[in-house]
file upload36.json (JSON, C-alpha atoms)
[["chain", "number", "residue", "atom", "x", "y", "z"],
["A", 27, "MET", "CA", 75.05, 185.04, 192.70],
["A", 28, "ALA", "CA", 78.23, 185.88, 191.02],
["A", 29, "LYS", "CA", 78.71, 184.12, 187.76],
["A", 30, "ARG", "CA", 81.17, 181.29, 187.83],
["A", 31, "VAL", "CA", 84.27, 182.15, 185.89],
["A", 32, "ASN", "CA", 85.21, 179.42, 183.43],
["A", 33, "ARG", "CA", 88.90, 178.97, 183.89],
["A", 34, "PRO", "CA", 90.84, 177.71, 180.92],
["A", 35, "LYS", "CA", 91.71, 174.04, 181.15],
["A", 36, "LEU", "CA", 95.18, 172.74, 180.77],
["A", 37, "VAL", "CA", 95.57, 170.84, 177.54],
["A", 38, "GLU", "CA", 97.04, 167.47, 178.22],
["A", 39, "ALA", "CA", 99.64, 166.14, 175.87],
["A", 40, "ASP", "CA", 98.38, 163.45, 173.54],
["A", 41, "GLU", "CA", 100.51, 160.40, 174.16],
["A", 42, "GLY", "CA", 100.12, 159.37, 170.55],
["A", 43, "ALA", "CA", 101.14, 162.76, 169.20],
["A", 44, "ILE", "CA", 104.48, 162.98, 167.44],
["A", 45, "PRO", "CA", 106.55, 166.18, 167.76],
["A", 46, "ARG", "CA", 106.78, 168.12, 164.52],
["A", 47, "ARG", "CA", 110.51, 167.54, 164.14],
["A", 48, "ASN", "CA", 110.00, 163.79, 164.51],
["A", 49, "ARG", "CA", 107.13, 163.86, 162.02],
["A", 50, "VAL", "CA", 109.36, 165.56, 159.47],
["A", 51, "ASN", "CA", 112.05, 162.95, 160.11],
["A", 52, "LEU", "CA", 109.52, 160.15, 159.62],
["A", 53, "PHE", "CA", 108.34, 161.69, 156.33],
["A", 54, "GLU", "CA", 111.93, 161.87, 155.07],
["A", 55, "LEU", "CA", 112.76, 158.36, 156.26],
["A", 56, "ALA", "CA", 109.64, 156.95, 154.58],
["A", 57, "TYR", "CA", 110.58, 158.77, 151.37],
["A", 58, "GLU", "CA", 114.13, 157.43, 151.49],
["A", 59, "ARG", "CA", 112.96, 153.87, 152.14],
["A", 60, "ILE", "CA", 110.50, 153.86, 149.23],
["A", 61, "GLU", "CA", 113.11, 155.55, 147.04],
["A", 62, "GLU", "CA", 115.55, 152.75, 147.88],
["A", 63, "LEU", "CA", 112.96, 150.08, 147.02],
["A", 64, "LEU", "CA", 112.37, 151.82, 143.68],
["A", 65, "ILE", "CA", 116.07, 151.99, 142.85],
["A", 66, "ARG", "CA", 116.71, 148.34, 143.71],
["A", 67, "GLY", "CA", 113.74, 147.15, 141.68],
["A", 68, "GLU", "CA", 111.93, 145.67, 144.68],
["A", 69, "LEU", "CA", 109.13, 147.97, 143.58],
["A", 70, "ALA", "CA", 109.20, 146.93, 139.94],
["A", 71, "PRO", "CA", 108.43, 149.51, 137.23],
["A", 72, "GLY", "CA", 104.77, 149.20, 136.23],
["A", 73, "ARG", "CA", 103.68, 147.41, 139.40],
["A", 74, "PHE", "CA", 100.28, 148.23, 140.89],
["A", 75, "LEU", "CA", 99.89, 148.26, 144.68],
["A", 76, "ALA", "CA", 97.97, 149.86, 147.52],
["A", 77, "MET", "CA", 99.08, 152.36, 150.14],
["A", 78, "GLN", "CA", 98.83, 149.56, 152.71],
["A", 79, "ASP", "CA", 101.36, 147.53, 150.72],
["A", 80, "LEU", "CA", 103.90, 150.34, 151.09],
["A", 81, "GLN", "CA", 103.16, 150.61, 154.79],
["A", 82, "ASP", "CA", 103.81, 146.88, 155.18],
["A", 83, "MET", "CA", 107.01, 147.00, 153.10],
["A", 84, "THR", "CA", 108.50, 150.04, 154.83],
["A", 85, "GLY", "CA", 107.21, 149.60, 158.37],
["A", 86, "PHE", "CA", 106.01, 153.22, 158.46],
["A", 87, "GLY", "CA", 102.50, 154.37, 159.27],
["A", 88, "ARG", "CA", 99.87, 155.79, 156.97],
["A", 89, "THR", "CA", 100.74, 159.49, 157.36],
["A", 90, "PRO", "CA", 104.51, 159.29, 156.59],
["A", 91, "VAL", "CA", 103.86, 156.93, 153.66],
["A", 92, "HIS", "CA", 101.06, 159.17, 152.35],
["A", 93, "HIS", "CA", 103.38, 162.19, 152.37],
["A", 94, "ALA", "CA", 106.19, 160.18, 150.76],
["A", 95, "VAL", "CA", 103.87, 158.93, 148.01],
["A", 96, "ASN", "CA", 102.65, 162.45, 147.22],
["A", 97, "ARG", "CA", 106.24, 163.61, 146.93],
["A", 98, "LEU", "CA", 107.24, 160.66, 144.76],
["A", 99, "ALA", "CA", 104.19, 161.29, 142.59],
["A", 100, "ALA", "CA", 105.38, 164.88, 142.10],
["A", 101, "ASP", "CA", 108.79, 163.41, 141.19],
["A", 102, "THR", "CA", 107.00, 161.27, 138.53],
["A", 103, "LEU", "CA", 108.28, 158.07, 140.17],
["A", 104, "ILE", "CA", 104.85, 156.92, 141.40],
["A", 105, "VAL", "CA", 101.56, 157.36, 139.56],
["A", 106, "ILE", "CA", 98.40, 157.78, 141.65],
["A", 107, "ARG", "CA", 95.55, 155.98, 139.90],
["A", 108, "PRO", "CA", 92.18, 157.07, 141.35],
["A", 109, "ARG", "CA", 90.10, 154.02, 142.35],
["A", 110, "HIS", "CA", 92.96, 151.74, 141.31],
["A", 111, "GLY", "CA", 95.61, 152.59, 143.90],
["A", 112, "LEU", "CA", 99.20, 153.32, 143.04],
["A", 113, "GLN", "CA", 101.46, 152.37, 140.17],
["A", 114, "ILE", "CA", 105.25, 152.43, 140.17],
["A", 115, "ALA", "CA", 106.07, 154.53, 137.12],
["A", 116, "PRO", "CA", 107.17, 152.35, 134.20],
["A", 117, "ILE", "CA", 110.49, 153.26, 132.60],
["A", 118, "ASP", "CA", 110.06, 155.03, 129.27],
["A", 119, "LEU", "CA", 113.55, 155.05, 127.76],
["A", 120, "ALA", "CA", 112.70, 157.80, 125.25],
["A", 121, "ARG", "CA", 111.34, 160.12, 127.94],
["A", 122, "GLU", "CA", 114.17, 159.43, 130.35],
["A", 123, "ARG", "CA", 116.75, 160.09, 127.66],
["A", 124, "VAL", "CA", 115.20, 163.54, 127.26],
["A", 125, "LEU", "CA", 115.41, 163.99, 131.05],
["A", 126, "LEU", "CA", 119.08, 163.03, 130.85],
["A", 127, "HIS", "CA", 119.68, 166.11, 128.68],
["A", 128, "LEU", "CA", 117.92, 168.19, 131.34],
["A", 129, "ARG", "CA", 120.08, 166.62, 134.04],
["A", 130, "ARG", "CA", 123.23, 167.36, 131.99],
["A", 131, "ASP", "CA", 122.42, 171.07, 131.83],
["A", 132, "ILE", "CA", 121.48, 171.37, 135.51],
["A", 133, "GLU", "CA", 124.46, 169.25, 136.55],
["A", 134, "ARG", "CA", 126.82, 171.56, 134.65],
["A", 135, "PHE", "CA", 125.54, 174.50, 136.68],
["A", 136, "VAL", "CA", 125.78, 172.61, 139.98],
["A", 137, "ILE", "CA", 129.26, 171.23, 139.29],
["A", 138, "ARG", "CA", 130.55, 174.65, 138.24],
["A", 139, "LEU", "CA", 129.10, 176.20, 141.39],
["A", 140, "ALA", "CA", 130.58, 173.45, 143.57],
["A", 141, "ALA", "CA", 134.05, 173.85, 142.05],
["A", 142, "GLU", "CA", 133.92, 177.62, 142.55],
["A", 143, "ARG", "CA", 132.55, 177.52, 146.11],
["A", 144, "ALA", "CA", 134.04, 174.35, 147.63],
["A", 145, "GLY", "CA", 135.64, 175.14, 150.99],
["A", 146, "PRO", "CA", 138.37, 173.19, 152.77],
["A", 147, "SER", "CA", 135.92, 170.80, 154.47],
["A", 148, "HIS", "CA", 134.11, 170.05, 151.20],
["A", 149, "ARG", "CA", 137.41, 169.41, 149.42],
["A", 150, "ASN", "CA", 138.64, 167.19, 152.25],
["A", 151, "GLN", "CA", 135.49, 165.04, 152.04],
["A", 152, "MET", "CA", 135.75, 164.74, 148.27],
["A", 153, "LEU", "CA", 139.41, 163.76, 148.31],
["A", 154, "HIS", "CA", 138.64, 161.17, 150.97],
["A", 155, "MET", "CA", 135.80, 159.78, 148.82],
["A", 156, "GLU", "CA", 138.10, 159.79, 145.78],
["A", 157, "ARG", "CA", 140.70, 157.72, 147.66],
["A", 158, "LEU", "CA", 138.01, 155.31, 148.84],
["A", 159, "LEU", "CA", 136.71, 154.78, 145.30],
["A", 160, "ARG", "CA", 140.23, 154.19, 143.99],
["A", 161, "GLU", "CA", 141.01, 151.68, 146.74],
["A", 162, "LYS", "CA", 137.69, 149.81, 146.44],
["A", 163, "ARG", "CA", 137.28, 150.22, 142.67],
["A", 164, "ASP", "CA", 137.58, 146.52, 141.79],
["A", 165, "GLY", "CA", 135.49, 145.16, 144.67],
["A", 166, "LEU", "CA", 132.51, 147.47, 145.16],
["A", 167, "THR", "CA", 129.08, 145.87, 144.93],
["A", 168, "LEU", "CA", 126.27, 147.66, 143.15],
["A", 169, "ALA", "CA", 124.47, 148.32, 146.45],
["A", 170, "GLU", "CA", 127.67, 149.75, 148.01],
["A", 171, "PHE", "CA", 128.30, 151.98, 145.02],
["A", 172, "ASN", "CA", 124.73, 153.31, 145.05],
["A", 173, "GLY", "CA", 125.16, 154.24, 148.72],
["A", 174, "LEU", "CA", 128.41, 156.08, 147.97],
["A", 175, "ASP", "CA", 126.87, 157.70, 144.89],
["A", 176, "ARG", "CA", 124.09, 159.15, 147.03],
["A", 177, "ARG", "CA", 126.70, 160.57, 149.43],
["A", 178, "ILE", "CA", 128.64, 162.07, 146.51],
["A", 179, "ASP", "CA", 125.49, 163.83, 145.31],
["A", 180, "LYS", "CA", 125.03, 165.31, 148.80],
["A", 181, "MET", "CA", 128.68, 166.43, 148.94],
["A", 182, "VAL", "CA", 128.44, 168.21, 145.59],
["A", 183, "LEU", "CA", 125.18, 169.94, 146.52],
["A", 184, "ALA", "CA", 126.64, 171.00, 149.88],
["A", 185, "ALA", "CA", 129.68, 172.48, 148.13],
["A", 186, "ALA", "CA", 127.42, 174.30, 145.64],
["A", 187, "GLY", "CA", 125.66, 175.90, 148.61],
["A", 188, "GLU", "CA", 122.24, 176.39, 147.02],
["A", 189, "PRO", "CA", 119.47, 174.40, 148.79],
["A", 190, "PHE", "CA", 116.97, 174.88, 145.94],
["A", 191, "LEU", "CA", 119.08, 172.64, 143.73],
["A", 192, "GLU", "CA", 118.55, 169.56, 145.90],
["A", 193, "HIS", "CA", 114.80, 169.54, 145.24],
["A", 194, "THR", "CA", 115.48, 169.92, 141.52],
["A", 195, "LEU", "CA", 118.18, 167.29, 141.14],
["A", 196, "ARG", "CA", 117.17, 164.60, 143.62],
["A", 197, "PRO", "CA", 114.32, 163.13, 141.53],
["A", 198, "LEU", "CA", 116.59, 163.09, 138.47],
["A", 199, "HIS", "CA", 119.31, 161.31, 140.43],
["A", 200, "THR", "CA", 116.77, 158.72, 141.59],
["A", 201, "ILE", "CA", 115.47, 158.17, 138.06],
["A", 202, "PHE", "CA", 118.95, 157.50, 136.71],
["A", 203, "ARG", "CA", 120.09, 155.50, 139.71],
["A", 204, "ARG", "CA", 117.16, 153.19, 138.95],
["A", 205, "ILE", "CA", 118.25, 153.00, 135.29],
["A", 206, "GLY", "CA", 121.81, 152.26, 136.41],
["A", 207, "PHE", "CA", 120.68, 149.48, 138.72],
["A", 208, "ILE", "CA", 118.72, 147.73, 135.97],
["A", 209, "TYR", "CA", 121.61, 148.17, 133.54],
["A", 210, "HIS", "CA", 124.26, 146.74, 135.86],
["A", 211, "ALA", "CA", 122.07, 144.05, 137.47],
["A", 212, "HIS", "CA", 120.11, 142.71, 134.50],
["A", 213, "MET", "CA", 122.13, 143.09, 131.30],
["A", 214, "THR", "CA", 123.20, 139.63, 130.24],
["A", 215, "ASP", "CA", 126.93, 140.38, 130.36],
["A", 216, "ARG", "CA", 126.69, 142.18, 133.75],
["A", 217, "PRO", "CA", 128.67, 145.35, 132.85],
["A", 218, "SER", "CA", 131.45, 146.32, 135.25],
["A", 219, "LEU", "CA", 131.08, 149.28, 137.61],
["A", 220, "GLU", "CA", 134.62, 150.43, 136.84],
["A", 221, "GLY", "CA", 133.59, 152.87, 134.10],
["A", 222, "THR", "CA", 131.06, 154.76, 136.21],
["A", 223, "ILE", "CA", 133.43, 154.73, 139.21],
["A", 224, "ASP", "CA", 136.21, 156.27, 137.10],
["A", 225, "HIS", "CA", 133.89, 159.05, 135.92],
["A", 226, "HIS", "CA", 132.86, 159.83, 139.50],
["A", 227, "ILE", "CA", 136.53, 159.93, 140.55],
["A", 228, "ALA", "CA", 137.24, 162.47, 137.79],
["A", 229, "VAL", "CA", 134.36, 164.70, 138.94],
["A", 230, "LEU", "CA", 135.43, 164.54, 142.60],
["A", 231, "ASN", "CA", 139.06, 165.31, 141.84],
["A", 232, "ALA", "CA", 138.23, 168.28, 139.63],
["A", 233, "ILE", "CA", 135.91, 169.84, 142.23],
["A", 234, "ALA", "CA", 138.36, 169.13, 145.08],
["A", 235, "THR", "CA", 141.16, 170.87, 143.18],
["A", 236, "ARG", "CA", 138.76, 173.68, 142.20],
["A", 237, "ASN", "CA", 139.43, 173.23, 138.49],
["A", 238, "VAL", "CA", 136.12, 174.55, 137.17],
["A", 239, "GLU", "CA", 136.50, 173.75, 133.47],
["A", 240, "ARG", "CA", 137.82, 170.24, 134.14],
["A", 241, "ALA", "CA", 134.94, 169.65, 136.57],
["A", 242, "VAL", "CA", 132.36, 170.61, 133.95],
["A", 243, "SER", "CA", 134.07, 168.42, 131.35],
["A", 244, "ALA", "CA", 134.13, 165.49, 133.78],
["A", 245, "SER", "CA", 130.42, 166.00, 134.48],
["A", 246, "ASP", "CA", 129.63, 165.99, 130.76],
["A", 247, "ALA", "CA", 131.68, 162.80, 130.34],
["A", 248, "LEU", "CA", 129.70, 161.11, 133.12],
["A", 249, "ILE", "CA", 126.39, 162.06, 131.49],
["A", 250, "ALA", "CA", 127.67, 160.80, 128.11],
["A", 251, "PHE", "CA", 128.57, 157.51, 129.81],
["A", 252, "VAL", "CA", 125.00, 157.20, 131.15],
["A", 253, "ASP", "CA", 123.67, 158.07, 127.70],
["A", 254, "GLY", "CA", 125.62, 155.11, 126.32],
["A", 255, "MET", "CA", 123.69, 152.81, 128.66],
["A", 256, "PHE", "CA", 120.49, 153.75, 126.81],
["A", 257, "ASP", "CA", 121.93, 152.58, 123.48],
["A", 258, "GLU", "CA", 122.50, 149.12, 124.96],
["A", 259, "MET", "CA", 119.24, 148.97, 126.92],
["A", 260, "GLU", "CA", 117.11, 149.95, 123.93],
["A", 261, "THR", "CA", 118.31, 146.92, 121.99],
["A", 262, "ARG", "CA", 119.16, 144.34, 124.65],
["A", 263, "ILE", "CA", 117.16, 144.73, 127.87],
["A", 264, "ASP", "CA", 114.03, 142.62, 128.47],
["A", 265, "PRO", "CA", 111.06, 145.05, 128.15],
["A", 266, "SER", "CA", 109.39, 143.46, 131.19],
["A", 267, "LEU", "CA", 112.18, 144.90, 133.37],
["A", 268, "LEU", "CA", 111.09, 148.39, 132.30],
["A", 269, "ASP", "CA", 107.39, 147.67, 132.77],
["A", 270, "CYS", "CA", 106.35, 144.52, 134.62],
["A", 271, "SER", "CA", 102.91, 144.63, 132.99],
["A", 272, "VAL", "CA", 104.65, 143.58, 129.75],
["A", 273, "GLU", "CA", 104.76, 139.79, 129.60],
["A", 274, "PRO", "CA", 108.35, 138.49, 129.42],
["A", 275, "LEU", "CA", 109.31, 136.63, 126.26],
["A", 276, "LEU", "CA", 110.65, 133.71, 128.26],
["A", 277, "ASN", "CA", 109.58, 132.66, 131.74],
["A", 278, "THR", "CA", 112.87, 131.69, 133.39]]
call {"tool": "encode", "arguments": {"input": "upload36.json", "output": "structure tokens"}}
result
Amino acid sequence: MAKRVNRPKLVEADEGAIPRRNRVNLFELAYERIEELLIRGELAPGRFLAMQDLQDMTGFGRTPVHHAVNRLAADTLIVIRPRHGLQIAPIDLARERVLLHLRRDIERFVIRLAAERAGPSHRNQMLHMERLLREKRDGLTLAEFNGLDRRIDKMVLAAAGEPFLEHTLRPLHTIFRRIGFIYHAHMTDRPSLEGTIDHHIAVLNAIATRNVERAVSASDALIAFVDGMFDEMETRIDPSLLDCSVEPLLNT
């Protein structure tokens, strides 16, 4: 008898399988959602939690959240504690002030590159954003400004035209957006957003008009403004807002 030839079987598509492109989108969306919760303080600095907690809070499954957590751990925004779960990185003002100096130097390079390379579409977007900030300057909420700030960062990086820079700067932007949220939301006198908005307007205008030296100076002025927040926070902010494991002085 002739041997029976084993014909290859057709592989049926797994109904539960997610196409690669969609998986990548889910990873990015999970990262963005957790990043947003970090910035807004819904994931308080110093808080311990489990991976399941993040799945419940974000609505994403285990795999996207796992990838997002690994990336945020690399960004030093989440600490993975073996046998103890996860910890939202506490805010160490001394360390983050050092990181601000790093951000200043990288930002100078990015802003210079953006001002030199910005094309007509980039400049159009920046001028439009500048007009929006001027018009809404007195009425923007903190949440609205943070959304626009994220878009400004993307505009500047797109104008700079070097994809590597996004992976370098994004964690730093998140770190200082979190600092900014605590500063504006929890300082007793609730500082106005007008100062930071004005500095962003100056950066946008300088890049849009391709004035390289003015753009770098505006960037340095913005970083100096953020540095001034640290002076106030070091002396006036409740330590429990920087690390929730620290017992507040007054339970209000």
call {"tool": "closest_residue", "arguments": {"input": "upload36.json", "among": "A:Glu54, A:Asp264, A:Asp246, A:Glu68", "to": "Pro90 in chain A", "atoms": "all atoms listed in the file"}}
result
A:Glu54
call {"tool": "closest_residue", "arguments": {"input": "upload36.json", "among": "A:Met152, A:Leu198, A:Leu64, A:Ala70", "to": "Asp101 in chain A", "atoms": "all atoms listed in the file"}}
result
A:Leu198
call {"tool": "atom_distance", "arguments": {"input": "upload36.json", "atom1": "CA of Glu220 in chain A", "atom2": "CA of Leu119 in chain A"}}
result
23.4 Å
call {"tool": "atom_distance", "arguments": {"input": "upload36.json", "atom1": "CA of Arg134 in chain A", "atom2": "CA of Asp257 in chain A"}}
result
22.6 Å
call {"tool": "closest_residue", "arguments": {"input": "upload36.json", "among": "A:Met155, A:Leu166, A:Leu55, A:Ala144", "to": "Leu219 in chain A", "atoms": "all atoms listed in the file"}}
result
A:Leu166
call {"tool": "residues_around", "arguments": {"input": "upload36.json", "residues": "Ala99 in chain A", "least_positions_apart": "4", "cutoff": "10 Å", "atoms": "only C-alpha atoms", "output": "PyMOL selection string"}}
result
chain A and resi 93-95+103-106+112-115
call {"tool": "atom_distance", "arguments": {"input": "upload36.json", "atom1": "CA of Ala250 in chain A", "atom2": "CA of Arg157 in chain A"}}
result
23.7 Å
call {"tool": "closest_residue", "arguments": {"input": "upload36.json", "among": "A:Leu195, A:Ile227, A:Ala185, A:Met259", "to": "Leu126 in chain A", "atoms": "all atoms listed in the file"}}
result
A:Leu195
call {"tool": "residues_around", "arguments": {"input": "upload36.json", "residues": "Ile65 in chain A", "least_positions_apart": "5", "cutoff": "7 Å", "atoms": "all atoms listed in the file", "output": "short mmCIF file (atom, residue, chain, number, x, y, z; two decimals) with C-alpha atoms, in the coordinates of the input"}}
result
data_model
loop_
_atom_site.label_atom_id
_atom_site.label_comp_id
_atom_site.auth_asym_id
_atom_site.auth_seq_id
_atom_site.Cartn_x
_atom_site.Cartn_y
_atom_site.Cartn_z
CA THR A 200 116.77 158.72 141.59
CA ARG A 203 120.09 155.50 139.71
CA ARG A 204 117.16 153.19 138.95
CA PHE A 207 120.68 149.48 138.72
#
call {"tool": "build_atoms", "arguments": {"input": "upload36.json", "residues": "range 111-122 of chain A", "atoms": "all heavy atoms", "output": "PDB file, in the frame of the given file"}}
result
ATOM      1  N   GLY A 111      94.435 152.619 143.037  1.00  0.00           N
ATOM      2  CA  GLY A 111      95.610 152.590 143.900  1.00  0.00           C
ATOM      3  C   GLY A 111      96.802 153.303 143.312  1.00  0.00           C
ATOM      4  O   GLY A 111      96.669 154.363 142.690  1.00  0.00           O
ATOM      5  N   LEU A 112      97.958 152.709 143.471  1.00  0.00           N
ATOM      6  CA  LEU A 112      99.200 153.320 143.040  1.00  0.00           C
ATOM      7  C   LEU A 112      99.878 152.460 141.981  1.00  0.00           C
ATOM      8  O   LEU A 112      99.689 151.243 141.953  1.00  0.00           O
ATOM      9  CB  LEU A 112     100.163 153.464 144.228  1.00  0.00           C
ATOM     10  CG  LEU A 112      99.614 154.124 145.495  1.00  0.00           C
ATOM     11  CD1 LEU A 112     100.637 154.007 146.615  1.00  0.00           C
ATOM     12  CD2 LEU A 112      99.253 155.576 145.229  1.00  0.00           C
ATOM     13  N   GLN A 113     100.650 153.110 141.134  1.00  0.00           N
ATOM     14  CA  GLN A 113     101.460 152.370 140.170  1.00  0.00           C
ATOM     15  C   GLN A 113     102.884 152.912 140.216  1.00  0.00           C
ATOM     16  O   GLN A 113     103.094 154.136 140.187  1.00  0.00           O
ATOM     17  CB  GLN A 113     100.923 152.494 138.744  1.00  0.00           C
ATOM     18  CG  GLN A 113     101.709 151.646 137.745  1.00  0.00           C
ATOM     19  CD  GLN A 113     101.263 151.850 136.302  1.00  0.00           C
ATOM     20  OE1 GLN A 113     100.672 152.888 135.969  1.00  0.00           O
ATOM     21  NE2 GLN A 113     101.556 150.889 135.433  1.00  0.00           N
ATOM     22  N   ILE A 114     103.855 152.023 140.298  1.00  0.00           N
ATOM     23  CA  ILE A 114     105.250 152.430 140.170  1.00  0.00           C
ATOM     24  C   ILE A 114     105.462 152.818 138.718  1.00  0.00           C
ATOM     25  O   ILE A 114     105.132 152.052 137.804  1.00  0.00           O
ATOM     26  CB  ILE A 114     106.201 151.284 140.567  1.00  0.00           C
ATOM     27  CG1 ILE A 114     105.885 150.786 141.986  1.00  0.00           C
ATOM     28  CG2 ILE A 114     107.643 151.747 140.461  1.00  0.00           C
ATOM     29  CD1 ILE A 114     105.896 151.852 143.054  1.00  0.00           C
ATOM     30  N   ALA A 115     105.956 154.018 138.491  1.00  0.00           N
ATOM     31  CA  ALA A 115     106.070 154.530 137.120  1.00  0.00           C
ATOM     32  C   ALA A 115     106.908 153.593 136.257  1.00  0.00           C
ATOM     33  O   ALA A 115     108.037 153.263 136.620  1.00  0.00           O
ATOM     34  CB  ALA A 115     106.693 155.918 137.137  1.00  0.00           C
ATOM     35  N   PRO A 116     106.358 153.133 135.132  1.00  0.00           N
ATOM     36  CA  PRO A 116     107.170 152.350 134.200  1.00  0.00           C
ATOM     37  C   PRO A 116     108.331 153.195 133.672  1.00  0.00           C
ATOM     38  O   PRO A 116     108.295 154.428 133.740  1.00  0.00           O
ATOM     39  CB  PRO A 116     106.190 151.997 133.078  1.00  0.00           C
ATOM     40  CG  PRO A 116     104.828 152.220 133.643  1.00  0.00           C
ATOM     41  CD  PRO A 116     104.980 153.316 134.655  1.00  0.00           C
ATOM     42  N   ILE A 117     109.339 152.548 133.167  1.00  0.00           N
ATOM     43  CA  ILE A 117     110.490 153.260 132.600  1.00  0.00           C
ATOM     44  C   ILE A 117     110.266 153.427 131.105  1.00  0.00           C
ATOM     45  O   ILE A 117     110.148 152.449 130.363  1.00  0.00           O
ATOM     46  CB  ILE A 117     111.800 152.500 132.872  1.00  0.00           C
ATOM     47  CG1 ILE A 117     112.098 152.510 134.373  1.00  0.00           C
ATOM     48  CG2 ILE A 117     112.950 153.115 132.085  1.00  0.00           C
ATOM     49  CD1 ILE A 117     113.299 151.696 134.781  1.00  0.00           C
ATOM     50  N   ASP A 118     110.182 154.673 130.688  1.00  0.00           N
ATOM     51  CA  ASP A 118     110.060 155.030 129.270  1.00  0.00           C
ATOM     52  C   ASP A 118     111.432 155.528 128.833  1.00  0.00           C
ATOM     53  O   ASP A 118     111.832 156.645 129.156  1.00  0.00           O
ATOM     54  CB  ASP A 118     108.984 156.107 129.107  1.00  0.00           C
ATOM     55  CG  ASP A 118     108.793 156.555 127.668  1.00  0.00           C
ATOM     56  OD1 ASP A 118     109.690 156.306 126.836  1.00  0.00           O
ATOM     57  OD2 ASP A 118     107.761 157.188 127.378  1.00  0.00           O
ATOM     58  N   LEU A 119     112.164 154.703 128.109  1.00  0.00           N
ATOM     59  CA  LEU A 119     113.550 155.050 127.760  1.00  0.00           C
ATOM     60  C   LEU A 119     113.631 156.339 126.946  1.00  0.00           C
ATOM     61  O   LEU A 119     114.567 157.128 127.131  1.00  0.00           O
ATOM     62  CB  LEU A 119     114.207 153.894 127.003  1.00  0.00           C
ATOM     63  CG  LEU A 119     114.494 152.627 127.833  1.00  0.00           C
ATOM     64  CD1 LEU A 119     115.040 151.519 126.930  1.00  0.00           C
ATOM     65  CD2 LEU A 119     115.475 152.930 128.955  1.00  0.00           C
ATOM     66  N   ALA A 120     112.667 156.574 126.060  1.00  0.00           N
ATOM     67  CA  ALA A 120     112.700 157.800 125.250  1.00  0.00           C
ATOM     68  C   ALA A 120     112.542 159.027 126.131  1.00  0.00           C
ATOM     69  O   ALA A 120     113.280 160.012 126.000  1.00  0.00           O
ATOM     70  CB  ALA A 120     111.605 157.753 124.181  1.00  0.00           C
ATOM     71  N   ARG A 121     111.564 158.979 127.039  1.00  0.00           N
ATOM     72  CA  ARG A 121     111.340 160.120 127.940  1.00  0.00           C
ATOM     73  C   ARG A 121     112.552 160.345 128.841  1.00  0.00           C
ATOM     74  O   ARG A 121     112.996 161.478 129.042  1.00  0.00           O
ATOM     75  CB  ARG A 121     110.102 159.873 128.803  1.00  0.00           C
ATOM     76  CG  ARG A 121     109.909 160.921 129.902  1.00  0.00           C
ATOM     77  CD  ARG A 121     108.754 160.553 130.812  1.00  0.00           C
ATOM     78  NE  ARG A 121     108.587 161.557 131.846  1.00  0.00           N
ATOM     79  CZ  ARG A 121     109.044 161.441 133.099  1.00  0.00           C
ATOM     80  NH1 ARG A 121     109.729 160.365 133.468  1.00  0.00           N
ATOM     81  NH2 ARG A 121     108.848 162.403 133.979  1.00  0.00           N
ATOM     82  N   GLU A 122     113.087 159.272 129.384  1.00  0.00           N
ATOM     83  CA  GLU A 122     114.170 159.430 130.350  1.00  0.00           C
ATOM     84  C   GLU A 122     115.474 159.848 129.672  1.00  0.00           C
ATOM     85  O   GLU A 122     116.332 160.461 130.298  1.00  0.00           O
ATOM     86  CB  GLU A 122     114.296 158.159 131.183  1.00  0.00           C
ATOM     87  CG  GLU A 122     113.005 157.963 131.983  1.00  0.00           C
ATOM     88  CD  GLU A 122     113.059 156.924 133.072  1.00  0.00           C
ATOM     89  OE1 GLU A 122     114.150 156.412 133.382  1.00  0.00           O
ATOM     90  OE2 GLU A 122     111.985 156.638 133.639  1.00  0.00           O
TER      91      GLU A 122
END
